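Dropping start01.cif in here (mmCIF, C-alpha atoms):
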data_entry
#
loop_
_atom_site.label_atom_id
_atom_site.label_comp_id
_atom_site.auth_asym_id
_atom_site.auth_seq_id
_atom_site.Cartn_x
_atom_site.Cartn_y
_atom_site.Cartn_z
CA MET A 1 -12.00 29.47 -17.31
CA GLU A 2 -9.88 28.88 -14.25
CA ILE A 3 -9.55 25.72 -12.18
CA LYS A 4 -8.29 25.56 -8.61
CA VAL A 5 -7.39 22.48 -6.63
CA LEU A 6 -7.75 23.07 -2.91
CA GLY A 7 -5.66 20.95 -0.61
CA THR A 8 -3.18 21.03 2.19
CA GLY A 9 -0.48 19.37 0.15
CA CYS A 10 -1.45 15.79 0.85
CA ALA A 11 -0.97 12.89 -1.54
CA ASN A 12 -4.62 12.87 -2.58
CA CYS A 13 -4.46 16.56 -3.44
CA LYS A 14 -1.56 15.96 -5.80
CA LYS A 15 -3.44 13.05 -7.33
CA THR A 16 -6.45 15.28 -7.89
CA LYS A 17 -4.31 17.86 -9.62
CA ALA A 18 -2.93 15.17 -11.91
CA VAL A 19 -6.44 13.91 -12.73
CA VAL A 20 -7.53 17.45 -13.62
CA ALA A 21 -4.49 17.91 -15.84
CA ASP A 22 -5.26 14.57 -17.50
CA ALA A 23 -8.86 15.54 -18.12
CA LEU A 24 -7.87 18.85 -19.65
CA LYS A 25 -5.40 17.12 -21.91
CA GLU A 26 -8.03 14.71 -23.11
CA MET A 27 -10.38 17.61 -23.85
CA ASN A 28 -7.62 19.54 -25.61
CA LEU A 29 -8.08 22.51 -23.35
CA THR A 30 -5.44 24.78 -21.93
CA VAL A 31 -6.77 26.09 -18.68
CA PRO A 32 -4.64 27.32 -15.81
CA VAL A 33 -4.76 24.93 -12.85
CA ILE A 34 -3.85 26.59 -9.57
CA GLU A 35 -3.03 24.71 -6.41
CA VAL A 36 -4.38 26.50 -3.33
CA GLN A 37 -2.66 25.37 -0.16
CA ASP A 38 -3.12 28.09 2.42
CA ILE A 39 -5.84 27.42 4.89
CA PRO A 40 -7.64 30.78 5.02
CA SER A 41 -8.12 30.67 1.23
CA ILE A 42 -9.39 27.10 1.36
CA MET A 43 -11.80 27.96 4.13
CA ALA A 44 -13.08 30.94 2.17
CA TYR A 45 -14.69 28.44 -0.20
CA GLY A 46 -16.53 26.79 2.67
CA VAL A 47 -14.82 23.49 1.98
CA MET A 48 -14.30 21.14 4.90
CA SER A 49 -12.89 18.12 3.21
CA THR A 50 -9.98 18.31 0.85
CA PRO A 51 -9.02 17.77 -1.90
CA ALA A 52 -11.61 20.00 -3.53
CA ILE A 53 -11.96 21.33 -7.07
CA VAL A 54 -13.11 24.85 -7.81
CA ILE A 55 -14.06 25.88 -11.35
CA ASP A 56 -14.56 29.58 -11.88
CA GLU A 57 -14.89 30.16 -8.14
CA LYS A 58 -17.53 27.46 -7.75
CA VAL A 59 -16.88 24.34 -5.68
CA VAL A 60 -17.65 21.32 -7.86
CA SER A 61 -16.09 18.49 -5.86
CA ALA A 62 -14.90 18.01 -2.30
CA GLY A 63 -13.38 15.30 -0.18
CA LYS A 64 -12.37 12.83 -2.85
CA VAL A 65 -10.15 12.18 -5.80
CA PRO A 66 -12.68 12.16 -8.62
CA ALA A 67 -12.34 9.95 -11.67
CA LYS A 68 -11.19 11.54 -14.89
CA SER A 69 -14.60 11.05 -16.47
CA GLN A 70 -16.21 12.92 -13.58
CA VAL A 71 -13.79 15.82 -13.95
CA ILE A 72 -14.50 15.99 -17.68
CA GLU A 73 -18.19 16.18 -16.86
CA MET A 74 -17.57 18.98 -14.35
CA ILE A 75 -15.55 20.97 -16.85
CA ARG A 76 -18.21 20.45 -19.55
CA LYS A 77 -20.92 21.72 -17.25
CA ALA A 78 -18.89 24.79 -16.37
CA GLN A 79 -18.21 25.64 -20.01
CA PRO A 80 -20.48 28.26 -21.54
CA ALA A 81 -22.72 26.51 -24.05
CA MET B 1 -25.96 -7.39 4.47
CA ASN B 2 -28.49 -5.79 2.16
CA LYS B 3 -30.87 -5.22 5.04
CA ASN B 4 -28.22 -3.33 6.93
CA LEU B 5 -27.58 -1.05 4.04
CA VAL B 6 -31.20 -0.19 3.59
CA ALA B 7 -31.53 0.51 7.28
CA ALA B 8 -28.48 2.77 7.31
CA PRO B 9 -29.21 5.89 9.32
CA MET B 10 -30.39 9.06 7.66
CA ASN B 11 -31.51 7.37 4.54
CA ASP B 12 -34.16 10.02 4.02
CA GLN B 13 -32.78 11.29 0.75
CA GLY B 14 -31.34 8.15 -0.75
CA GLY B 15 -32.96 5.15 -2.23
CA ALA B 16 -34.79 4.74 -5.46
CA LYS B 17 -37.43 7.28 -6.25
CA ALA B 18 -39.30 7.72 -9.48
CA GLN B 19 -36.60 7.45 -12.10
CA PRO B 20 -36.47 7.16 -15.82
CA PRO B 21 -36.48 3.52 -16.96
CA HIS B 22 -32.82 3.34 -17.91
CA ALA B 23 -31.79 4.61 -14.47
CA GLN B 24 -34.05 2.00 -12.91
CA MET B 25 -32.30 -0.64 -15.00
CA ARG B 26 -28.93 0.59 -13.82
CA GLU B 27 -30.09 0.31 -10.23
CA TRP B 28 -31.12 -3.30 -10.71
CA ARG B 29 -27.89 -4.12 -12.45
CA ALA B 30 -25.85 -2.53 -9.66
CA TRP B 31 -27.71 -4.52 -7.00
CA GLY B 32 -27.34 -7.69 -9.05
CA LEU B 33 -23.62 -7.13 -9.32
CA VAL B 34 -23.28 -6.56 -5.58
CA VAL B 35 -25.27 -9.67 -4.69
CA LEU B 36 -23.25 -11.73 -7.17
CA SER B 37 -19.98 -10.40 -5.76
CA ALA B 38 -21.17 -11.26 -2.25
CA LEU B 39 -21.78 -14.84 -3.39
CA VAL B 40 -18.37 -15.10 -5.02
CA TRP B 41 -16.87 -13.65 -1.85
CA TRP B 42 -18.63 -16.26 0.26
CA VAL B 43 -17.43 -19.13 -1.90
CA ALA B 44 -13.85 -17.82 -1.86
CA TRP B 45 -14.05 -17.38 1.92
CA ASN B 46 -15.07 -20.98 2.41
CA SER B 47 -12.46 -22.44 0.11
CA LEU B 48 -9.51 -20.61 1.70
CA GLN B 49 -8.41 -23.32 4.10
CA PRO B 50 -8.76 -26.30 1.73
CA LEU B 51 -6.95 -24.35 -0.99
CA ALA B 52 -4.07 -23.31 1.27
CA ASP B 53 -3.72 -26.89 2.52
CA TRP B 54 -3.87 -28.30 -0.97
CA ILE B 55 -1.16 -25.97 -2.31
CA THR B 56 1.15 -26.57 0.63
CA TYR B 57 0.75 -30.27 1.22
CA THR B 58 -0.27 -31.66 -2.14
CA LEU B 59 1.20 -29.29 -4.69
CA LEU B 60 4.42 -28.47 -2.81
CA GLY B 61 4.49 -31.80 -1.04
CA LEU B 62 5.45 -30.35 2.34
CA SER B 63 4.72 -32.16 5.55
CA PRO B 64 2.07 -30.67 7.85
CA VAL B 65 4.29 -31.27 10.88
CA SER B 66 7.33 -29.51 9.45
CA ALA B 67 7.94 -25.92 10.53
CA LEU B 68 8.22 -24.74 6.94
CA GLY B 69 5.06 -26.54 5.85
CA SER B 70 2.95 -25.16 8.68
CA SER B 71 4.21 -21.62 8.24
CA ILE B 72 3.62 -21.65 4.49
CA ALA B 73 0.11 -23.02 4.97
CA PHE B 74 -0.42 -20.34 7.63
CA PHE B 75 0.79 -17.59 5.31
CA LEU B 76 -1.22 -18.84 2.32
CA TYR B 77 -4.32 -18.95 4.47
CA ASP B 78 -3.85 -15.76 6.45
CA VAL B 79 -2.95 -13.30 3.74
CA PRO B 80 -5.92 -14.01 1.41
CA LYS B 81 -8.22 -14.29 4.42
CA ILE B 82 -7.30 -10.83 5.67
CA LEU B 83 -7.44 -9.33 2.19
CA LEU B 84 -10.89 -10.84 1.57
CA LEU B 85 -12.13 -9.55 4.91
CA LEU B 86 -10.68 -6.11 4.31
CA THR B 87 -12.29 -5.88 0.89
CA GLY B 88 -15.72 -6.94 2.14
CA MET B 89 -15.63 -4.78 5.24
CA ILE B 90 -14.31 -1.69 3.52
CA PHE B 91 -16.91 -1.98 0.79
CA LEU B 92 -19.66 -2.19 3.40
CA VAL B 93 -18.34 0.75 5.38
CA THR B 94 -17.67 2.95 2.37
CA THR B 95 -21.18 2.26 1.09
CA ILE B 96 -22.58 3.42 4.43
CA ARG B 97 -20.30 6.43 4.24
CA THR B 98 -21.87 7.65 1.03
CA PHE B 99 -24.77 8.73 3.22
CA PHE B 100 -22.50 10.99 5.23
CA SER B 101 -20.23 13.89 4.57
CA ALA B 102 -18.19 16.26 6.70
CA GLU B 103 -20.68 19.01 5.91
CA ARG B 104 -23.60 16.92 7.01
CA THR B 105 -21.87 15.83 10.20
CA ARG B 106 -21.19 19.45 11.02
CA GLN B 107 -24.85 20.22 10.52
CA LEU B 108 -25.86 17.35 12.82
CA LEU B 109 -23.40 18.46 15.50
CA GLY B 110 -24.28 22.15 15.36
CA GLY B 111 -25.99 23.34 18.52
CA LYS B 112 -25.26 20.13 20.42
CA ARG B 113 -23.95 20.48 23.95
CA GLN B 114 -21.15 18.70 25.74
CA GLY B 115 -22.14 15.19 26.65
CA ILE B 116 -24.68 14.20 24.03
CA GLY B 117 -22.57 16.13 21.53
CA ASN B 118 -19.49 14.07 22.40
CA VAL B 119 -21.35 10.79 22.00
CA LEU B 120 -22.77 11.85 18.66
CA ALA B 121 -19.43 13.23 17.47
CA ALA B 122 -17.55 10.03 18.29
CA SER B 123 -20.17 7.88 16.56
CA LEU B 124 -20.20 10.11 13.50
CA GLY B 125 -16.41 9.93 13.51
CA VAL B 126 -16.71 6.26 12.60
CA VAL B 127 -19.00 6.72 9.60
CA THR B 128 -17.99 10.11 8.22
CA PRO B 129 -15.45 9.94 5.40
CA PHE B 130 -12.28 11.32 6.89
CA CYS B 131 -8.67 11.60 5.90
CA SER B 132 -6.12 13.04 8.25
CA CYS B 133 -5.02 15.34 5.45
CA SER B 134 -8.28 17.25 5.74
CA ALA B 135 -8.19 17.39 9.54
CA VAL B 136 -7.37 21.09 9.47
CA PRO B 137 -10.20 22.38 7.25
CA LEU B 138 -12.55 20.07 9.13
CA PHE B 139 -11.41 21.40 12.48
CA ILE B 140 -11.87 25.00 11.37
CA GLY B 141 -15.23 24.21 9.81
CA PHE B 142 -16.44 22.66 13.06
CA VAL B 143 -15.14 25.48 15.24
CA GLU B 144 -16.63 28.13 12.99
CA ALA B 145 -20.00 26.43 13.17
CA GLY B 146 -19.91 26.90 16.93
CA ILE B 147 -19.37 23.24 17.77
CA PRO B 148 -17.66 23.10 21.18
CA LEU B 149 -13.96 22.19 21.12
CA GLY B 150 -14.46 19.12 23.27
CA VAL B 151 -17.08 17.77 20.84
CA THR B 152 -14.77 18.49 17.91
CA PHE B 153 -12.01 16.55 19.63
CA SER B 154 -14.29 13.58 20.21
CA PHE B 155 -14.73 13.44 16.45
CA LEU B 156 -11.02 13.89 15.74
CA ILE B 157 -10.09 11.09 18.13
CA ALA B 158 -12.70 8.57 16.99
CA ALA B 159 -12.25 9.10 13.25
CA PRO B 160 -8.73 7.70 12.91
CA MET B 161 -8.90 5.26 15.84
CA VAL B 162 -12.07 3.35 15.03
CA ASN B 163 -11.67 2.71 11.34
CA GLU B 164 -12.80 -0.04 9.05
CA VAL B 165 -9.29 -1.35 8.45
CA ALA B 166 -8.65 -1.82 12.18
CA LEU B 167 -12.03 -3.49 12.68
CA ALA B 168 -11.57 -5.85 9.73
CA MET B 169 -8.05 -6.80 10.84
CA LEU B 170 -9.13 -7.45 14.41
CA PHE B 171 -12.09 -9.46 13.22
CA GLY B 172 -9.85 -11.50 10.96
CA MET B 173 -7.09 -12.19 13.46
CA PHE B 174 -8.86 -12.26 16.83
CA GLY B 175 -12.56 -12.80 16.13
CA TRP B 176 -15.60 -10.57 16.38
CA GLN B 177 -15.60 -10.28 20.16
CA ILE B 178 -12.26 -8.48 20.18
CA ALA B 179 -13.32 -6.30 17.26
CA LEU B 180 -16.44 -5.31 19.18
CA ILE B 181 -14.44 -4.59 22.34
CA TYR B 182 -12.12 -2.41 20.30
CA LEU B 183 -15.06 -0.51 18.81
CA ALA B 184 -16.61 0.06 22.23
CA THR B 185 -13.41 1.11 24.01
CA GLY B 186 -12.32 3.31 21.10
CA LEU B 187 -15.63 5.15 21.19
CA THR B 188 -15.50 5.45 24.97
CA ILE B 189 -12.01 6.93 24.90
CA ALA B 190 -13.04 9.41 22.21
CA ILE B 191 -16.15 10.47 24.15
CA VAL B 192 -14.49 10.79 27.54
CA ALA B 193 -11.30 12.42 26.24
CA GLY B 194 -13.38 14.99 24.36
CA MET B 195 -15.39 15.74 27.48
CA VAL B 196 -12.24 16.15 29.57
CA ILE B 197 -10.60 18.42 27.00
CA GLY B 198 -13.78 20.50 26.78
CA ARG B 199 -13.67 21.12 30.51
CA VAL B 200 -10.08 22.39 30.64
CA PRO B 201 -10.37 26.04 31.69
CA ASN B 202 -9.65 28.60 29.00
CA ILE B 203 -9.22 25.86 26.41
CA GLU B 204 -10.13 28.20 23.52
CA SER B 205 -6.86 30.05 23.93
CA GLY B 206 -5.06 26.90 22.81
CA VAL B 207 -6.35 27.34 19.29
CA GLU B 208 -4.26 29.51 17.01
CA ASP B 209 -5.68 33.02 16.95
CA PHE B 210 -6.09 33.21 13.19
CA VAL B 211 -8.72 30.47 13.34
CA TRP B 212 -11.11 32.74 15.23
CA GLN B 213 -10.67 35.53 12.70
CA LEU B 214 -11.23 33.44 9.60
CA SER B 215 -14.23 34.08 7.51
CA VAL B 216 -15.60 30.82 6.26
CA GLY B 217 -17.49 30.72 3.01
CA LYS B 218 -20.98 29.31 2.86
CA THR B 219 -21.08 25.66 2.03
CA SER B 220 -23.37 25.28 -0.88
CA SER B 221 -23.20 21.70 -2.01
CA GLN B 222 -23.88 18.74 0.21
CA PRO B 223 -22.37 15.73 -1.44
CA GLY B 224 -23.69 12.41 -0.23
CA GLU B 225 -27.36 13.04 -0.64
CA ARG B 226 -29.62 12.18 -3.53
CA MET B 227 -27.41 9.49 -4.95
CA LEU B 228 -28.55 6.42 -6.80
CA TRP B 229 -27.52 3.06 -5.40
CA SER B 230 -25.50 2.43 -8.52
CA GLU B 231 -23.56 5.64 -7.79
CA ARG B 232 -23.10 4.72 -4.14
CA PHE B 233 -21.75 1.30 -5.07
CA SER B 234 -19.44 2.75 -7.65
CA VAL B 235 -18.06 5.32 -5.18
CA ALA B 236 -17.69 2.61 -2.54
CA TRP B 237 -15.94 0.24 -4.93
CA GLN B 238 -13.56 2.98 -5.99
CA SER B 239 -12.56 3.75 -2.39
CA THR B 240 -12.36 0.06 -1.54
CA ARG B 241 -9.89 -0.50 -4.33
CA GLU B 242 -7.94 2.55 -3.26
CA ILE B 243 -7.77 1.58 0.44
CA VAL B 244 -6.97 -2.09 -0.18
CA GLY B 245 -4.38 -1.04 -2.75
CA LYS B 246 -2.73 1.20 -0.19
CA VAL B 247 -2.93 -1.20 2.71
CA TRP B 248 -1.99 -4.61 1.30
CA PRO B 249 1.81 -4.17 1.51
CA TYR B 250 1.38 -3.39 5.21
CA VAL B 251 -0.68 -6.53 5.62
CA MET B 252 2.04 -8.63 4.00
CA ILE B 253 4.85 -7.04 6.01
CA GLY B 254 2.84 -7.22 9.21
CA ILE B 255 2.00 -10.88 8.72
CA ALA B 256 5.60 -11.63 7.74
CA ILE B 257 6.97 -9.95 10.89
CA GLY B 258 4.30 -11.78 12.85
CA ALA B 259 5.40 -15.07 11.29
CA ILE B 260 9.03 -14.40 12.20
CA ILE B 261 8.10 -13.64 15.81
CA HIS B 262 5.88 -16.71 15.67
CA GLY B 263 8.78 -18.89 14.58
CA TYR B 264 11.86 -17.47 16.25
CA VAL B 265 10.87 -15.82 19.52
CA PRO B 266 10.64 -18.43 22.26
CA ALA B 267 7.24 -18.87 23.87
CA ASN B 268 6.68 -16.64 26.88
CA ALA B 269 9.83 -14.64 26.15
CA LEU B 270 7.73 -11.51 26.46
CA ALA B 271 5.83 -12.51 29.57
CA GLY B 272 8.43 -10.79 31.76
CA ILE B 273 8.42 -7.44 29.97
CA MET B 274 4.94 -7.33 28.43
CA GLY B 275 3.03 -9.59 30.80
CA LYS B 276 0.35 -8.69 33.31
CA ASP B 277 2.70 -8.40 36.23
CA ALA B 278 4.93 -5.76 34.73
CA TRP B 279 2.90 -2.70 35.79
CA TRP B 280 5.09 -0.31 33.83
CA SER B 281 4.62 -2.14 30.54
CA VAL B 282 1.32 -0.40 29.70
CA PRO B 283 2.67 3.18 29.83
CA ALA B 284 5.87 1.96 28.16
CA ALA B 285 3.85 0.40 25.32
CA VAL B 286 1.94 3.66 24.85
CA ALA B 287 5.11 5.77 24.97
CA LEU B 288 6.59 3.49 22.33
CA GLY B 289 3.43 3.51 20.22
CA VAL B 290 2.75 7.26 19.99
CA PRO B 291 5.72 8.26 17.82
CA MET B 292 5.41 5.10 15.74
CA TYR B 293 3.64 5.58 12.50
CA SER B 294 1.95 2.59 11.06
CA ASN B 295 -1.60 1.74 10.26
CA ALA B 296 -3.85 -0.90 11.69
CA ALA B 297 -3.05 -3.24 8.82
CA GLY B 298 0.62 -3.41 9.68
CA ILE B 299 0.45 -3.37 13.45
CA ILE B 300 -2.29 -5.89 14.22
CA PRO B 301 -0.50 -9.03 12.92
CA VAL B 302 2.54 -7.98 14.97
CA VAL B 303 0.38 -7.48 18.04
CA GLN B 304 -1.14 -10.90 17.57
CA ALA B 305 2.31 -12.48 17.48
CA LEU B 306 3.37 -10.52 20.58
CA MET B 307 0.35 -11.81 22.47
CA GLU B 308 1.21 -15.35 21.47
CA LYS B 309 4.58 -14.90 23.13
CA GLY B 310 3.17 -13.81 26.42
CA ALA B 311 2.29 -10.14 26.05
CA ALA B 312 -0.82 -9.32 28.07
CA ALA B 313 -4.00 -8.45 26.16
CA GLY B 314 -4.38 -5.00 27.72
CA THR B 315 -0.77 -4.08 27.04
CA ALA B 316 -1.06 -5.22 23.43
CA LEU B 317 -4.35 -3.32 23.00
CA ALA B 318 -2.83 -0.15 24.46
CA PHE B 319 0.17 -0.41 22.15
CA MET B 320 -2.08 -0.86 19.14
CA MET B 321 -4.34 2.05 20.05
CA ALA B 322 -1.38 4.35 20.66
CA VAL B 323 0.08 3.51 17.26
CA ILE B 324 -3.20 4.00 15.42
CA ALA B 325 -4.83 6.90 17.28
CA LEU B 326 -1.87 9.15 17.97
CA SER B 327 0.73 9.75 15.35
CA LEU B 328 3.42 12.30 14.78
CA PRO B 329 2.31 13.27 11.26
CA GLU B 330 -1.18 14.01 12.56
CA MET B 331 0.25 16.23 15.31
CA ILE B 332 2.27 18.13 12.73
CA ILE B 333 -0.87 18.71 10.66
CA LEU B 334 -2.86 19.82 13.69
CA ARG B 335 -0.04 22.14 14.77
CA ARG B 336 -1.23 24.49 12.03
CA VAL B 337 -4.36 25.27 14.02
CA LEU B 338 -3.45 24.28 17.59
CA LYS B 339 -0.88 25.80 19.91
CA PRO B 340 1.65 23.39 21.41
CA ARG B 341 -0.11 23.61 24.78
CA LEU B 342 -3.37 22.26 23.34
CA ILE B 343 -1.56 19.56 21.37
CA ALA B 344 0.12 18.48 24.59
CA ILE B 345 -3.26 18.39 26.37
CA PHE B 346 -4.76 16.41 23.49
CA VAL B 347 -1.96 13.82 23.44
CA GLY B 348 -1.86 13.68 27.24
CA VAL B 349 -5.58 13.07 27.68
CA VAL B 350 -5.84 10.47 24.91
CA ALA B 351 -2.68 8.66 26.06
CA THR B 352 -4.03 8.57 29.62
CA GLY B 353 -7.29 7.12 28.35
CA ILE B 354 -5.42 4.43 26.42
CA ILE B 355 -3.24 3.57 29.44
CA LEU B 356 -6.29 3.22 31.68
CA THR B 357 -7.93 0.99 29.06
CA GLY B 358 -4.78 -1.15 28.96
CA TYR B 359 -4.81 -1.62 32.74
CA LEU B 360 -8.53 -2.36 32.70
CA PHE B 361 -8.10 -5.17 30.18
CA ASN B 362 -5.04 -6.59 31.88
CA PHE B 363 -7.16 -6.67 35.00
CA ILE B 364 -10.36 -8.25 33.63
CA LEU B 365 -9.03 -10.58 30.92
#
Turn this file's structure into structure tokens for me.
Amino acid sequence: MEIKVLGTGCANCKKTKAVVADALKEMNLTVPVIEVQDIPSIMAYGVMSTPAIVIDEKVVSAGKVPAKSQVIEMIRKAQPA
Amino acid sequence: MNKNLVAAPMNDQGGAKAQPPHAQMREWRAWGLVVLSALVWWVAWNSLQPLADWITYTLLGLSPVSALGSSIAFFLYDVPKILLLLTGMIFLVTTIRTFFSAERTRQLLGGKRQGIGNVLAASLGVVTPFCSCSAVPLFIGFVEAGIPLGVTFSFLIAAPMVNEVALAMLFGMFGWQIALIYLATGLTIAIVAGMVIGRVPNIESGVEDFVWQLSVGKTSSQPGERMLWSERFSVAWQSTREIVGKVWPYVMIGIAIGAIIHGYVPANALAGIMGKDAWWSVPAAVALGVPMYSNAAGIIPVVQALMEKGAAAGTALAFMMAVIALSLPEMIILRRVLKPRLIAIFVGVVATGIILTGYLFNFIL
């Protein structure tokens, strides 16, 4: 699994990255979290509002800092059963 | 309040449909909680003045005619009043916003022409969730969808200028008439400025070339639709807490500066430099306001104090709009997609609109 946080370097993007890291820690997972800041790459995901979270190349959240519980849910859904 | 929410535009997907019983229960609980909070809010709102008076005059034993007593009573009344208003207003607006998203707004604006497109874009700018940090992806997303530049600018001007914090602060400090005037003039400036920018010849060349060559991925998800009320309220409450948490220090500082001006600047000291008769004061206020970076929460109490000391209403309004609508950090963000020429046009047109508004209000008020 691979998680990307899309954002232009704003405060909310950093917060989102921290929430994702927190969620992973709680789930005892070690998954690489990559911060994507350059605009063409962000746009390639069709995202218009940042921060956004991409799990395995799929956009799962956009335009908000999700709660940790929501991120855990997103990661669970993305995990192969 | 509840009626307004139900009648919120584009409510075609929301609302309660056939749900499993436990979800239905959650919906009722969420509504119950909101109604209860509204009641508590109302009671708190009505006990503000008696409470502030009681603390100052009875508990602290200060005299109502003393300068210290009146300013403490003022502070104890004003700060909680503004915070209560902000909380209520932001919750209302963020609940409405759960019906909108940048993606949806883009869809609504696609294929719209100049004119009607500008009006729609400015109005959507008020209700679409927007943070200046995502101005760039939003701009590119709009442009790629074929939305005319002028229409895109109408959105980008209205979104930061007419925001819930500004409206709540104006409502709290000046009354609903001024808040309404601000809403109307803010929208008008956004609409007209967008139309003017859209008519500048060869305006497309002001956008950085890479924007036109980008390939934008397909947007799959459309957040904001098909939500339960309990989810909407929880999202709204989360953003309310976040916004109020971010804004309250500004409120305190703003009201404190306002109180100092209130106490120490002699009455009418500003009439000479910020009064109606000083024709140059409106452009000067705008020139001063553009590079200043504050938000509505910090600037409005200061503006109120300035007006008390003789600043003209139009001049004060122009100053406030310049501070809120045009800011250096936003320009720096937009510089990533706009060439300096287009940024200059953008700032020039909006600043001109604000100056004209300032003169208009100095003239009619």
Identify, on the basis of all atoms listed in the file, every residue whose closest approach to stretch 15-25 of chain A does not exceed 9 Å; exclude the query and any residue fewer than 2 positions from it along the same chain; express the result as a PyMOL selection string. chain A and resi 3-5+10-13+27-31+33-35+51-53+64-69+71-72+75
Output as JSON, numbers by chain the set of chain B residues within 10 Å of chain A, with distances taken over all atoms listed in the file. {"B": [101, 102, 103, 106, 129, 130, 131, 132, 133, 134, 135, 136, 137, 138, 139, 140, 141, 142, 210, 211, 213, 214, 215, 216, 217, 218, 219, 220, 221, 222, 223, 235, 238, 239, 333, 336, 337]}
Would you mind exporting the chosen residues as a compact mmCIF listing (two decimals), in the coordinates of the input, restricted to C-alpha atoms?
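Saved result, part-v5.txt, follows:
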# COMPACT_ATOMS: atom_id res chain seq x y z
CA SER B 101 -20.23 13.89 4.57
CA ALA B 102 -18.19 16.26 6.70
CA GLU B 103 -20.68 19.01 5.91
CA ARG B 106 -21.19 19.45 11.02
CA PRO B 129 -15.45 9.94 5.40
CA PHE B 130 -12.28 11.32 6.89
CA CYS B 131 -8.67 11.60 5.90
CA SER B 132 -6.12 13.04 8.25
CA CYS B 133 -5.02 15.34 5.45
CA SER B 134 -8.28 17.25 5.74
CA ALA B 135 -8.19 17.39 9.54
CA VAL B 136 -7.37 21.09 9.47
CA PRO B 137 -10.20 22.38 7.25
CA LEU B 138 -12.55 20.07 9.13
CA PHE B 139 -11.41 21.40 12.48
CA ILE B 140 -11.87 25.00 11.37
CA GLY B 141 -15.23 24.21 9.81
CA PHE B 142 -16.44 22.66 13.06
CA PHE B 210 -6.09 33.21 13.19
CA VAL B 211 -8.72 30.47 13.34
CA GLN B 213 -10.67 35.53 12.70
CA LEU B 214 -11.23 33.44 9.60
CA SER B 215 -14.23 34.08 7.51
CA VAL B 216 -15.60 30.82 6.26
CA GLY B 217 -17.49 30.72 3.01
CA LYS B 218 -20.98 29.31 2.86
CA THR B 219 -21.08 25.66 2.03
CA SER B 220 -23.37 25.28 -0.88
CA SER B 221 -23.20 21.70 -2.01
CA GLN B 222 -23.88 18.74 0.21
CA PRO B 223 -22.37 15.73 -1.44
CA VAL B 235 -18.06 5.32 -5.18
CA GLN B 238 -13.56 2.98 -5.99
CA SER B 239 -12.56 3.75 -2.39
CA ILE B 333 -0.87 18.71 10.66
CA ARG B 336 -1.23 24.49 12.03
CA VAL B 337 -4.36 25.27 14.02
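Rounded to one decimal, atom CA of B:Gly61 and atom CA of B:Met173 lie 27.0 Å from each other.
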Could you list the residues chosen by the PyMOL selection byres ((chain B and resi 322) around 8) in this structure as an mmCIF file with C-alpha atoms, in the frame of the given file?
data_model
loop_
_atom_site.group_PDB
_atom_site.id
_atom_site.type_symbol
_atom_site.label_atom_id
_atom_site.label_comp_id
_atom_site.auth_asym_id
_atom_site.auth_seq_id
_atom_site.Cartn_x
_atom_site.Cartn_y
_atom_site.Cartn_z
ATOM 1 C CA VAL B 286 1.940 3.660 24.850
ATOM 2 C CA ALA B 287 5.110 5.770 24.970
ATOM 3 C CA GLY B 289 3.430 3.510 20.220
ATOM 4 C CA VAL B 290 2.750 7.260 19.990
ATOM 5 C CA ALA B 318 -2.830 -0.150 24.460
ATOM 6 C CA PHE B 319 0.170 -0.410 22.150
ATOM 7 C CA MET B 320 -2.080 -0.860 19.140
ATOM 8 C CA MET B 321 -4.340 2.050 20.050
ATOM 9 C CA VAL B 323 0.080 3.510 17.260
ATOM 10 C CA ILE B 324 -3.200 4.000 15.420
ATOM 11 C CA ALA B 325 -4.830 6.900 17.280
ATOM 12 C CA LEU B 326 -1.870 9.150 17.970
ATOM 13 C CA SER B 327 0.730 9.750 15.350
ATOM 14 C CA ALA B 351 -2.680 8.660 26.060
ATOM 15 C CA ILE B 354 -5.420 4.430 26.420
#
Could you pull the residues within 12 Å of B:Val265, counting only C-alpha atoms, minus those fewer than 4 positions along the same chain, as a list in words? Ile257, Gly258, Ala259, Ile260, Ile261, Ala269, Leu270, Ala271, Ala305, Leu306, Met307, Glu308, Lys309 and Gly310 of chain B
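Interatomic distance, atom CA of B:Lys276 against atom CA of B:Ala312: 5.4 Å.
Relative to atom CA of B:Ser154, atom CA of B:Met195 is found at 7.7 Å.
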Can you list what the PyMOL selection byres ((chain B and resi 236) around 10) grabs from this structure, as a ChimeraX atom specification? /B:90-98,230-235,237-242
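Between B:Pro160 and the residues B:Ala296, B:Leu85, B:Leu62, B:Ala184, the shortest atom-to-atom distance, using all atoms listed in the file, involves B:Ala296.
Of the residues listed (B:Gly298, B:Pro80, B:Gly111, B:Pro148), B:Gly298 shows the shortest atom-to-atom separation from B:Pro249; distances use only C-alpha atoms.
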So that all listed atoms of stretch 27-33 of chain A fit with 8 Å spare on each side, what axis-aligned box centre and edge lengths in Å, to one decimal, would you give as lines of an AutoDock Vina configuration file?
center_x = -7.5
center_y = 22.5
center_z = -19.2
size_x = 21.7
size_y = 25.7
size_z = 28.8
Suppose a student applies the PyMOL selection byres ((chain B and resi 314) around 8) to this structure; what residues should they get, written as a list of chain:residue names? B:Val282, B:Ala312, B:Ala313, B:Thr315, B:Ala316, B:Leu317, B:Ala318, B:Thr357, B:Gly358, B:Tyr359, B:Leu360, B:Phe361, B:Asn362, B:Phe363, B:Leu365
Among B:Met169, B:Ala311, B:Val350, B:Met25, B:Leu84 is approached most closely, using all atoms listed in the file, by B:Met169
Nearest to B:Val247, chosen from B:Leu228, B:Ile191, B:Leu86, B:Ala145, with all atoms listed in the file counted in the distances: B:Leu86
